[in-house]
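Note: the block below is my_file24.pdb and it holds PDB, C-alpha atoms and all ligand atoms.
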ATOM      1  CA  VAL A 715       0.000   0.000   0.000  1.00  0.00           C
ATOM      2  CA  GLY A 716       1.549   3.275  -1.064  1.00  0.00           C
ATOM      3  CA  MET A 717       1.001   6.582   0.595  1.00  0.00           C
ATOM      4  CA  ASP A 718       1.923  10.146  -0.251  1.00  0.00           C
ATOM      5  CA  PHE A 719       3.824  12.336   2.157  1.00  0.00           C
ATOM      6  CA  LEU A 720       1.560  14.350   4.428  1.00  0.00           C
ATOM      7  CA  PHE A 721       1.950  18.044   5.071  1.00  0.00           C
ATOM      8  CA  ILE A 722      -1.066  18.594   7.269  1.00  0.00           C
ATOM      9  CA  ALA A 723       0.607  19.616  10.534  1.00  0.00           C
ATOM     10  CA  ASN A 724       1.213  23.368  10.044  1.00  0.00           C
ATOM     11  CA  ASN A 725       4.778  22.843  11.281  1.00  0.00           C
ATOM     12  CA  LEU A 726       7.755  21.314   9.526  1.00  0.00           C
ATOM     13  CA  GLY A 727       8.913  19.364  12.586  1.00  0.00           C
ATOM     14  CA  ILE A 728       5.486  17.805  13.038  1.00  0.00           C
ATOM     15  CA  ASP A 729       5.319  17.075   9.308  1.00  0.00           C
ATOM     16  CA  LEU A 730       8.539  15.107   9.778  1.00  0.00           C
ATOM     17  CA  LEU A 731       6.981  13.256  12.700  1.00  0.00           C
ATOM     18  CA  ASN A 732       4.072  12.342  10.415  1.00  0.00           C
ATOM     19  CA  THR A 733       6.351  10.339   8.116  1.00  0.00           C
ATOM     20  CA  GLU A 734       5.648   7.433  10.468  1.00  0.00           C
ATOM     21  CA  VAL A 735       2.070   6.378   9.770  1.00  0.00           C
ATOM     22  CA  MET A 736      -0.312   3.534  10.480  1.00  0.00           C
ATOM     23  CA  LEU A 737      -1.658   1.797   7.406  1.00  0.00           C
ATOM     24  CA  GLN A 738      -4.385  -0.735   8.162  1.00  0.00           C
ATOM     25  CA  GLY A 739      -3.088  -1.136  11.688  1.00  0.00           C
ATOM     26  CA  VAL A 740       0.553  -1.612  10.643  1.00  0.00           C
ATOM     27  CA  PRO A 741       3.222   1.030  11.370  1.00  0.00           C
ATOM     28  CA  VAL A 742       4.892   2.185   8.133  1.00  0.00           C
ATOM     29  CA  ASP A 743       7.989   4.366   7.813  1.00  0.00           C
ATOM     30  CA  LEU A 744       7.621   6.630   4.775  1.00  0.00           C
ATOM     31  CA  LEU A 745      11.314   7.534   5.206  1.00  0.00           C
ATOM     32  CA  GLY A 746      12.652   4.002   5.021  1.00  0.00           C
ATOM     33  CA  THR A 747      15.317   4.727   2.418  1.00  0.00           C
ATOM     34  CA  ALA A 748      17.628   7.535   1.329  1.00  0.00           C
ATOM     35  CA  GLU A 749      15.518   7.855  -1.861  1.00  0.00           C
ATOM     36  CA  ASN A 750      12.409   8.362   0.306  1.00  0.00           C
ATOM     37  CA  LEU A 751      14.258  11.103   2.170  1.00  0.00           C
ATOM     38  CA  ALA A 752      15.274  12.891  -1.048  1.00  0.00           C
ATOM     39  CA  GLY A 753      11.610  12.753  -2.117  1.00  0.00           C
ATOM     40  CA  TRP A 754      10.439  14.099   1.217  1.00  0.00           C
ATOM     41  CA  PHE A 755      12.962  16.972   1.136  1.00  0.00           C
ATOM     42  CA  LYS A 756      11.618  17.929  -2.282  1.00  0.00           C
ATOM     43  CA  ALA A 757       7.972  17.664  -1.188  1.00  0.00           C
ATOM     44  CA  ALA A 758       8.786  19.752   1.896  1.00  0.00           C
ATOM     45  CA  GLY A 759      10.101  22.536  -0.319  1.00  0.00           C
ATOM     46  CA  PHE A 760      13.838  22.078   0.180  1.00  0.00           C
ATOM     47  CA  GLY A 761      14.513  21.533  -3.519  1.00  0.00           C
ATOM     48  CA  SER A 762      16.888  18.848  -4.721  1.00  0.00           C
ATOM     49  CA  LEU A 763      18.887  17.362  -1.878  1.00  0.00           C
ATOM     50  CA  ARG A 764      20.556  14.007  -2.167  1.00  0.00           C
ATOM     51  CA  GLY A 765      19.277  12.151   0.885  1.00  0.00           C
ATOM     52  CA  SER A 766      22.410  10.316   2.017  1.00  0.00           C
ATOM     53  CA  SER A 767      22.397   7.382   4.437  1.00  0.00           C
ATOM     54  CA  GLU A 768      24.049   9.660   7.049  1.00  0.00           C
ATOM     55  CA  SER A 769      21.191  12.125   6.658  1.00  0.00           C
ATOM     56  CA  LEU A 770      18.688   9.311   6.914  1.00  0.00           C
ATOM     57  CA  ALA A 771      20.167   8.206  10.254  1.00  0.00           C
ATOM     58  CA  ARG A 772      20.249  11.835  11.409  1.00  0.00           C
ATOM     59  CA  ILE A 773      16.636  12.491  10.443  1.00  0.00           C
ATOM     60  CA  HIS A 774      15.443   9.276  12.114  1.00  0.00           C
ATOM     61  CA  ARG A 775      17.160  10.441  15.321  1.00  0.00           C
ATOM     62  CA  LEU A 776      15.561  13.870  15.074  1.00  0.00           C
ATOM     63  CA  ARG A 777      12.152  12.318  14.392  1.00  0.00           C
ATOM     64  CA  SER A 778      12.440  10.089  17.473  1.00  0.00           C
ATOM     65  CA  THR A 779      13.369  13.118  19.573  1.00  0.00           C
ATOM     66  CA  ILE A 780      10.401  15.079  18.222  1.00  0.00           C
ATOM     67  CA  ARG A 781       8.089  12.125  18.946  1.00  0.00           C
ATOM     68  CA  ARG A 782       9.268  11.834  22.556  1.00  0.00           C
ATOM     69  CA  CYS A 783       8.802  15.588  22.972  1.00  0.00           C
ATOM     70  CA  CYS A 784       5.319  15.627  21.413  1.00  0.00           C
ATOM     71  CA  ASP A 785       4.155  12.673  23.505  1.00  0.00           C
ATOM     72  CA  LYS A 786       5.275  14.572  26.620  1.00  0.00           C
ATOM     73  CA  LEU A 787       3.923  17.947  25.511  1.00  0.00           C
ATOM     74  CA  ILE A 788       0.494  16.486  24.820  1.00  0.00           C
ATOM     75  CA  GLU A 789       0.415  15.127  28.384  1.00  0.00           C
ATOM     76  CA  SER A 790       1.893  18.375  29.792  1.00  0.00           C
ATOM     77  CA  THR A 791       4.897  16.433  31.079  1.00  0.00           C
ATOM     78  CA  PRO A 792       8.298  18.194  31.172  1.00  0.00           C
ATOM     79  CA  LEU A 793      10.723  17.382  28.358  1.00  0.00           C
ATOM     80  CA  THR A 794      13.934  15.592  29.286  1.00  0.00           C
ATOM     81  CA  GLN A 795      17.211  17.507  29.304  1.00  0.00           C
ATOM     82  CA  ALA A 796      18.628  14.949  26.855  1.00  0.00           C
ATOM     83  CA  ASP A 797      15.887  15.708  24.329  1.00  0.00           C
ATOM     84  CA  LEU A 798      16.294  19.469  24.802  1.00  0.00           C
ATOM     85  CA  ASP A 799      20.068  19.141  24.317  1.00  0.00           C
ATOM     86  CA  SER A 800      19.550  17.064  21.220  1.00  0.00           C
ATOM     87  CA  LEU A 801      17.034  19.500  19.692  1.00  0.00           C
ATOM     88  CA  ASN A 802      19.277  22.466  20.514  1.00  0.00           C
ATOM     89  CA  GLU A 803      22.346  20.826  19.049  1.00  0.00           C
ATOM     90  CA  VAL A 804      20.676  20.120  15.701  1.00  0.00           C
ATOM     91  CA  SER A 805      18.770  23.408  15.608  1.00  0.00           C
ATOM     92  CA  ASN A 806      21.933  25.433  16.266  1.00  0.00           C
ATOM     93  CA  LYS A 807      23.337  24.332  12.914  1.00  0.00           C
ATOM     94  CA  THR A 808      20.773  26.532  11.144  1.00  0.00           C
ATOM     95  CA  ARG A 809      22.351  29.163   8.934  1.00  0.00           C
ATOM     96  CA  PHE A 810      20.612  32.465   8.326  1.00  0.00           C
ATOM     97  CA  ALA A 811      21.322  35.101   5.708  1.00  0.00           C
ATOM     98  CA  LEU A 812      20.212  38.703   5.577  1.00  0.00           C
ATOM     99  CA  LEU A 813      18.564  39.145   2.182  1.00  0.00           C
ATOM    100  CA  GLU A 814      17.157  42.171   0.438  1.00  0.00           C
ATOM    101  CA  SER A 815      13.462  42.067  -0.410  1.00  0.00           C
ATOM    102  CA  ALA A 816      10.843  44.492  -1.710  1.00  0.00           C
ATOM    103  CA  ASP A 817       9.842  45.297   1.902  1.00  0.00           C
ATOM    104  CA  GLY A 818      13.355  45.705   3.239  1.00  0.00           C
ATOM    105  CA  TYR A 819      15.820  43.173   4.592  1.00  0.00           C
ATOM    106  CA  VAL A 820      14.713  39.729   5.665  1.00  0.00           C
ATOM    107  CA  LEU A 821      16.631  37.291   7.843  1.00  0.00           C
ATOM    108  CA  THR A 822      16.119  34.077   5.907  1.00  0.00           C
ATOM    109  CA  PRO A 823      17.104  30.530   6.875  1.00  0.00           C
ATOM    110  CA  GLN A 824      19.391  28.831   4.367  1.00  0.00           C
ATOM    111  CA  ALA A 825      18.988  25.157   3.632  1.00  0.00           C
ATOM    112  CA  THR A 826      21.376  24.457   0.803  1.00  0.00           C
ATOM    113  CA  ASP A 827      22.461  21.029   2.010  1.00  0.00           C
ATOM    114  CA  GLU A 828      20.972  18.161   3.990  1.00  0.00           C
ATOM    115  CA  LEU A 829      22.571  19.178   7.277  1.00  0.00           C
ATOM    116  CA  GLU A 830      21.088  22.666   7.044  1.00  0.00           C
ATOM    117  CA  ALA A 831      17.696  21.280   6.025  1.00  0.00           C
ATOM    118  CA  ILE A 832      17.629  18.971   9.043  1.00  0.00           C
ATOM    119  CA  ALA A 833      18.784  21.859  11.256  1.00  0.00           C
ATOM    120  CA  LEU A 834      15.892  23.984  10.000  1.00  0.00           C
ATOM    121  CA  ILE A 835      13.380  21.226  10.797  1.00  0.00           C
ATOM    122  CA  ALA A 836      14.752  21.127  14.345  1.00  0.00           C
ATOM    123  CA  ARG A 837      14.629  24.932  14.536  1.00  0.00           C
ATOM    124  CA  ARG A 838      10.973  25.004  13.469  1.00  0.00           C
ATOM    125  CA  THR A 839      10.238  22.404  16.155  1.00  0.00           C
ATOM    126  CA  CYS A 840      12.013  24.509  18.798  1.00  0.00           C
ATOM    127  CA  GLU A 841      10.111  27.614  17.684  1.00  0.00           C
ATOM    128  CA  LEU A 842       6.815  25.741  18.034  1.00  0.00           C
ATOM    129  CA  ILE A 843       7.670  24.413  21.502  1.00  0.00           C
ATOM    130  CA  ALA A 844       8.607  27.932  22.607  1.00  0.00           C
ATOM    131  CA  SER A 845       5.469  29.552  21.175  1.00  0.00           C
ATOM    132  CA  PRO A 846       1.916  29.853  22.577  1.00  0.00           C
ATOM    133  CA  GLN A 847       0.842  27.688  19.607  1.00  0.00           C
ATOM    134  CA  ILE A 848       2.208  24.640  21.410  1.00  0.00           C
ATOM    135  CA  LYS A 849      -1.096  24.570  23.319  1.00  0.00           C
ATOM    136  CA  SER A 850      -2.735  23.750  19.966  1.00  0.00           C
ATOM    137  CA  LEU A 851      -0.606  20.657  19.360  1.00  0.00           C
ATOM    138  CA  ARG A 852      -3.035  17.761  18.959  1.00  0.00           C
ATOM    139  CA  LYS A 853      -2.990  14.092  18.228  1.00  0.00           C
ATOM    140  CA  CYS A 854      -5.523  12.862  15.690  1.00  0.00           C
ATOM    141  CA  ALA A 855      -8.730  11.821  17.461  1.00  0.00           C
ATOM    142  CA  SER A 856      -8.716   8.392  15.824  1.00  0.00           C
ATOM    143  CA  ASP A 857      -7.153   5.845  18.163  1.00  0.00           C
ATOM    144  CA  LYS A 858      -5.925   3.955  15.087  1.00  0.00           C
ATOM    145  CA  CYS A 859      -3.940   7.008  13.954  1.00  0.00           C
ATOM    146  CA  VAL A 860      -0.543   8.285  15.172  1.00  0.00           C
ATOM    147  CA  LEU A 861      -0.512  11.631  13.364  1.00  0.00           C
ATOM    148  CA  TYR A 862      -0.026  14.977  15.087  1.00  0.00           C
ATOM    149  CA  PHE A 863      -0.926  18.486  13.963  1.00  0.00           C
ATOM    150  CA  VAL A 864      -1.059  22.058  15.162  1.00  0.00           C
ATOM    151  CA  ASP A 865      -4.636  23.279  15.175  1.00  0.00           C
ATOM    152  CA  VAL A 866      -4.487  26.741  13.619  1.00  0.00           C
ATOM    153  CA  SER A 867      -8.253  27.011  13.163  1.00  0.00           C
ATOM    154  CA  LYS A 868     -10.004  29.933  14.805  1.00  0.00           C
ATOM    155  CA  ASN A 869     -12.444  27.847  16.845  1.00  0.00           C
ATOM    156  CA  GLN A 870      -9.769  25.256  17.818  1.00  0.00           C
ATOM    157  CA  HIS A 871     -12.064  22.332  17.059  1.00  0.00           C
ATOM    158  CA  ARG A 872      -9.901  20.430  14.592  1.00  0.00           C
ATOM    159  CA  GLN A 873     -10.005  16.748  15.593  1.00  0.00           C
ATOM    160  CA  TRP A 874      -8.595  14.866  12.638  1.00  0.00           C
ATOM    161  CA  CYS A 875      -5.262  14.661  10.874  1.00  0.00           C
ATOM    162  CA  SER A 876      -7.335  15.043   7.728  1.00  0.00           C
ATOM    163  CA  MET A 877     -10.948  14.450   6.695  1.00  0.00           C
ATOM    164  CA  GLU A 878      -9.793  12.114   3.907  1.00  0.00           C
ATOM    165  CA  LEU A 879      -7.742   9.863   6.181  1.00  0.00           C
ATOM    166  CA  CYS A 880      -9.652   9.776   9.467  1.00  0.00           C
ATOM    167  CA  GLY A 881     -12.537  12.276   9.536  1.00  0.00           C
ATOM    168  CA  ASN A 882     -14.601  10.643   6.804  1.00  0.00           C
ATOM    169  CA  ARG A 883     -13.750   7.150   7.980  1.00  0.00           C
ATOM    170  CA  GLN A 884     -15.074   8.007  11.438  1.00  0.00           C
ATOM    171  CA  LYS A 885     -18.134   9.696   9.985  1.00  0.00           C
ATOM    172  CA  SER A 886     -18.944   6.767   7.706  1.00  0.00           C
ATOM    173  CA  SER A 887     -18.503   4.194  10.485  1.00  0.00           C
ATOM    174  CA  LYS A 888     -20.861   6.246  12.662  1.00  0.00           C
ATOM    175  CA  HIS A 889     -23.261   6.389   9.736  1.00  0.00           C
ATOM    176  CA  TYR A 890     -22.894   2.630   9.272  1.00  0.00           C
ATOM    177  CA  ARG A 891     -23.695   1.932  12.949  1.00  0.00           C
ATOM    178  CA  LYS A 892     -26.731   4.205  12.683  1.00  0.00           C
ATOM    179  CA  VAL A 893     -28.008   2.450   9.580  1.00  0.00           C
ATOM    180  CA  LYS A 894     -27.383  -0.950  11.116  1.00  0.00           C
ATOM    181  CA  SER A 895     -29.224  -0.195  14.362  1.00  0.00           C
ATOM    182  CA  THR A 896     -32.390   0.984  12.611  1.00  0.00           C
TER     183      THR A 896
HETATM  184 ZN    ZN B 901      -5.776  10.568  11.738  1.00  0.00          ZN
END

Could you show the structure in this file as structure tokens?
Ligand SMILES: [Zn+2]
Amino acid sequence: VGMDFLFIANNLGIDLLNTEVMLQGVPVDLLGTAENLAGWFKAAGFGSLRGSSESLARIHRLRSTIRRCCDKLIESTPLTQADLDSLNEVSNKTRFALLESADGYVLTPQATDELEAIALIARRTCELIASPQIKSLRKCASDKCVLYFVDVSKNQHRQWCSMELCGNRQKSSKHYRKVKST
């Protein structure tokens, strides 16, 4: 069963987390190979990066760190110092450049190689954790789903990773039970 990469989280770090999915009850790693990683970099807007095996190991480590952090944040449990150190270490490799734009100068993150791309993902995760938006970090309401997202909706009622994946499924199973019981 194939599956496209998901960018439904409103945060790059959480989008990375969502490369581990459940398909029909089986955990699937969408970043199993270096080729997968190159494809994900492209889909995430980083352009053409190679996706080396070193980067793959590095991104798996970062993803595990982000997962541990998200699991704790969702339960309002403090993050471990080891995870903070690890996030900081990767995030601190971000490179910024002051660029001229129509509205003045903009401090813009540079991600010209895999290391910088991974650093930027960590940086975006750190920015989320440090922002008030972290209170809107949610896990998909389906207990068969492992996806996370940041609810940026005004009414803060988003329940599902996406309507296509979980929302409709839930709705149709409810509908099915209703039909069956009548
Ligand atoms: Zn879901």

Please produce, as a Markdown table, a per-residue contact table for chain A versus ligand ZN 901 (chain B) (criterion: any atom at most 10 Å away, all atoms listed in the file considered), showing the nearest atom pair and its distance in Å to one decimal, sorted by chain then residue number.
| residue | atom | partner | partner_atom | distance |
| --- | --- | --- | --- | --- |
| A:Val735 | CA | B:ZN901 | ZN | 9.1 |
| A:Met736 | CA | B:ZN901 | ZN | 9.0 |
| A:Lys853 | CA | B:ZN901 | ZN | 7.9 |
| A:Cys854 | CA | B:ZN901 | ZN | 4.6 |
| A:Ala855 | CA | B:ZN901 | ZN | 6.6 |
| A:Ser856 | CA | B:ZN901 | ZN | 5.5 |
| A:Asp857 | CA | B:ZN901 | ZN | 8.1 |
| A:Lys858 | CA | B:ZN901 | ZN | 7.4 |
| A:Cys859 | CA | B:ZN901 | ZN | 4.6 |
| A:Val860 | CA | B:ZN901 | ZN | 6.7 |
| A:Leu861 | CA | B:ZN901 | ZN | 5.6 |
| A:Tyr862 | CA | B:ZN901 | ZN | 8.0 |
| A:Phe863 | CA | B:ZN901 | ZN | 9.5 |
| A:Gln873 | CA | B:ZN901 | ZN | 8.4 |
| A:Trp874 | CA | B:ZN901 | ZN | 5.2 |
| A:Cys875 | CA | B:ZN901 | ZN | 4.2 |
| A:Ser876 | CA | B:ZN901 | ZN | 6.2 |
| A:Met877 | CA | B:ZN901 | ZN | 8.2 |
| A:Glu878 | CA | B:ZN901 | ZN | 8.9 |
| A:Leu879 | CA | B:ZN901 | ZN | 5.9 |
| A:Cys880 | CA | B:ZN901 | ZN | 4.6 |
| A:Gly881 | CA | B:ZN901 | ZN | 7.3 |
| A:Arg883 | CA | B:ZN901 | ZN | 9.5 |
| A:Gln884 | CA | B:ZN901 | ZN | 9.6 |

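Considering only C-alpha atoms, the residue among A:Gly727, A:Arg775, A:Leu812, A:Phe719 positioned nearest to Leu842 in chain A is A:Gly727.
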
One decimal place gives the CA of Ala752 in chain A-CA of Leu798 in chain A separation as 26.7 Å

Fewer than 2 positions away in the same chain doesn't count, so skip those; otherwise give me all residues within 8 Å of Arg837 in chain A, counting all atoms listed in the file, as an MDAnalysis selection string. chainID A and resid 801:802 804:806 808 833:835 839:841

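Taking CA of Arg809 in chain A as the reference point, CA of Leu829 in chain A is found at 10.1 Å.
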
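The gap separating CA of Asn732 in chain A from CA of Arg781 in chain A is 9.4 Å, in Å to one decimal.
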
Hey, what's within 10 Å of Leu813 in chain A if we count all atoms listed in the file and toss same-chain stuff fewer than 5 positions away? As a list in words, please? Gly818, Tyr819, Val820, Leu821, Thr822 and Pro823 of chain A

Please, can range 848-869 of chain A be completed to N, CA, C and O atoms and returned as an mmCIF file, keeping the file's coordinate frame?
data_model
loop_
_atom_site.group_PDB
_atom_site.id
_atom_site.type_symbol
_atom_site.label_atom_id
_atom_site.label_comp_id
_atom_site.auth_asym_id
_atom_site.auth_seq_id
_atom_site.Cartn_x
_atom_site.Cartn_y
_atom_site.Cartn_z
ATOM 1 N N ILE A 848 1.980 26.011 20.955
ATOM 2 C CA ILE A 848 2.208 24.640 21.410
ATOM 3 C C ILE A 848 0.965 24.101 22.130
ATOM 4 O O ILE A 848 0.732 22.891 22.164
ATOM 5 N N LYS A 849 0.148 24.996 22.664
ATOM 6 C CA LYS A 849 -1.096 24.570 23.319
ATOM 7 C C LYS A 849 -2.083 23.997 22.303
ATOM 8 O O LYS A 849 -3.063 23.357 22.678
ATOM 9 N N SER A 850 -1.852 24.257 21.015
ATOM 10 C CA SER A 850 -2.735 23.750 19.966
ATOM 11 C C SER A 850 -2.175 22.503 19.287
ATOM 12 O O SER A 850 -2.676 22.082 18.253
ATOM 13 N N LEU A 851 -1.114 21.925 19.883
ATOM 14 C CA LEU A 851 -0.606 20.657 19.360
ATOM 15 C C LEU A 851 -1.600 19.556 19.718
ATOM 16 O O LEU A 851 -1.991 19.421 20.879
ATOM 17 N N ARG A 852 -2.049 18.817 18.726
ATOM 18 C CA ARG A 852 -3.035 17.761 18.959
ATOM 19 C C ARG A 852 -2.606 16.477 18.281
ATOM 20 O O ARG A 852 -1.902 16.484 17.282
ATOM 21 N N LYS A 853 -3.108 15.386 18.870
ATOM 22 C CA LYS A 853 -2.990 14.092 18.228
ATOM 23 C C LYS A 853 -4.328 13.828 17.547
ATOM 24 O O LYS A 853 -5.371 14.219 18.070
ATOM 25 N N CYS A 854 -4.279 13.190 16.402
ATOM 26 C CA CYS A 854 -5.523 12.862 15.690
ATOM 27 C C CYS A 854 -6.458 12.094 16.621
ATOM 28 O O CYS A 854 -6.026 11.238 17.391
ATOM 29 N N ALA A 855 -7.752 12.407 16.539
ATOM 30 C CA ALA A 855 -8.730 11.821 17.461
ATOM 31 C C ALA A 855 -8.986 10.337 17.219
ATOM 32 O O ALA A 855 -9.574 9.664 18.060
ATOM 33 N N SER A 856 -8.544 9.824 16.076
ATOM 34 C CA SER A 856 -8.716 8.392 15.824
ATOM 35 C C SER A 856 -7.677 7.603 16.619
ATOM 36 O O SER A 856 -6.483 7.899 16.567
ATOM 37 N N ASP A 857 -8.130 6.599 17.369
ATOM 38 C CA ASP A 857 -7.153 5.845 18.163
ATOM 39 C C ASP A 857 -6.336 4.891 17.284
ATOM 40 O O ASP A 857 -5.369 4.295 17.744
ATOM 41 N N LYS A 858 -6.710 4.774 16.018
ATOM 42 C CA LYS A 858 -5.925 3.955 15.087
ATOM 43 C C LYS A 858 -4.862 4.795 14.367
ATOM 44 O O LYS A 858 -4.147 4.278 13.518
ATOM 45 N N CYS A 859 -4.802 6.084 14.696
ATOM 46 C CA CYS A 859 -3.940 7.008 13.954
ATOM 47 C C CYS A 859 -2.860 7.562 14.879
ATOM 48 O O CYS A 859 -3.111 7.780 16.064
ATOM 49 N N VAL A 860 -1.656 7.785 14.350
ATOM 50 C CA VAL A 860 -0.543 8.285 15.172
ATOM 51 C C VAL A 860 -0.137 9.699 14.764
ATOM 52 O O VAL A 860 0.888 10.200 15.205
ATOM 53 N N LEU A 861 -0.929 10.341 13.913
ATOM 54 C CA LEU A 861 -0.512 11.631 13.364
ATOM 55 C C LEU A 861 -0.803 12.782 14.333
ATOM 56 O O LEU A 861 -1.791 12.766 15.061
ATOM 57 N N TYR A 862 0.101 13.762 14.287
ATOM 58 C CA TYR A 862 -0.026 14.977 15.087
ATOM 59 C C TYR A 862 -0.251 16.169 14.166
ATOM 60 O O TYR A 862 0.104 16.137 12.993
ATOM 61 N N PHE A 863 -0.807 17.236 14.720
ATOM 62 C CA PHE A 863 -0.926 18.486 13.963
ATOM 63 C C PHE A 863 -1.049 19.647 14.936
ATOM 64 O O PHE A 863 -1.346 19.451 16.115
ATOM 65 N N VAL A 864 -0.801 20.838 14.400
ATOM 66 C CA VAL A 864 -1.059 22.058 15.162
ATOM 67 C C VAL A 864 -2.373 22.620 14.653
ATOM 68 O O VAL A 864 -2.526 22.873 13.460
ATOM 69 N N ASP A 865 -3.322 22.765 15.548
ATOM 70 C CA ASP A 865 -4.636 23.279 15.175
ATOM 71 C C ASP A 865 -4.551 24.801 15.064
ATOM 72 O O ASP A 865 -4.473 25.499 16.070
ATOM 73 N N VAL A 866 -4.566 25.292 13.828
ATOM 74 C CA VAL A 866 -4.487 26.741 13.619
ATOM 75 C C VAL A 866 -5.866 27.334 13.311
ATOM 76 O O VAL A 866 -5.977 28.486 12.948
ATOM 77 N N SER A 867 -6.914 26.504 13.453
ATOM 78 C CA SER A 867 -8.253 27.011 13.163
ATOM 79 C C SER A 867 -8.694 27.980 14.257
ATOM 80 O O SER A 867 -8.242 27.894 15.398
ATOM 81 N N LYS A 868 -9.574 28.883 13.896
ATOM 82 C CA LYS A 868 -10.004 29.933 14.805
ATOM 83 C C LYS A 868 -10.743 29.347 16.009
ATOM 84 O O LYS A 868 -10.503 29.737 17.149
ATOM 85 N N ASN A 869 -11.630 28.384 15.748
ATOM 86 C CA ASN A 869 -12.444 27.847 16.845
ATOM 87 C C ASN A 869 -11.755 26.717 17.608
ATOM 88 O O ASN A 869 -12.274 26.235 18.611
#
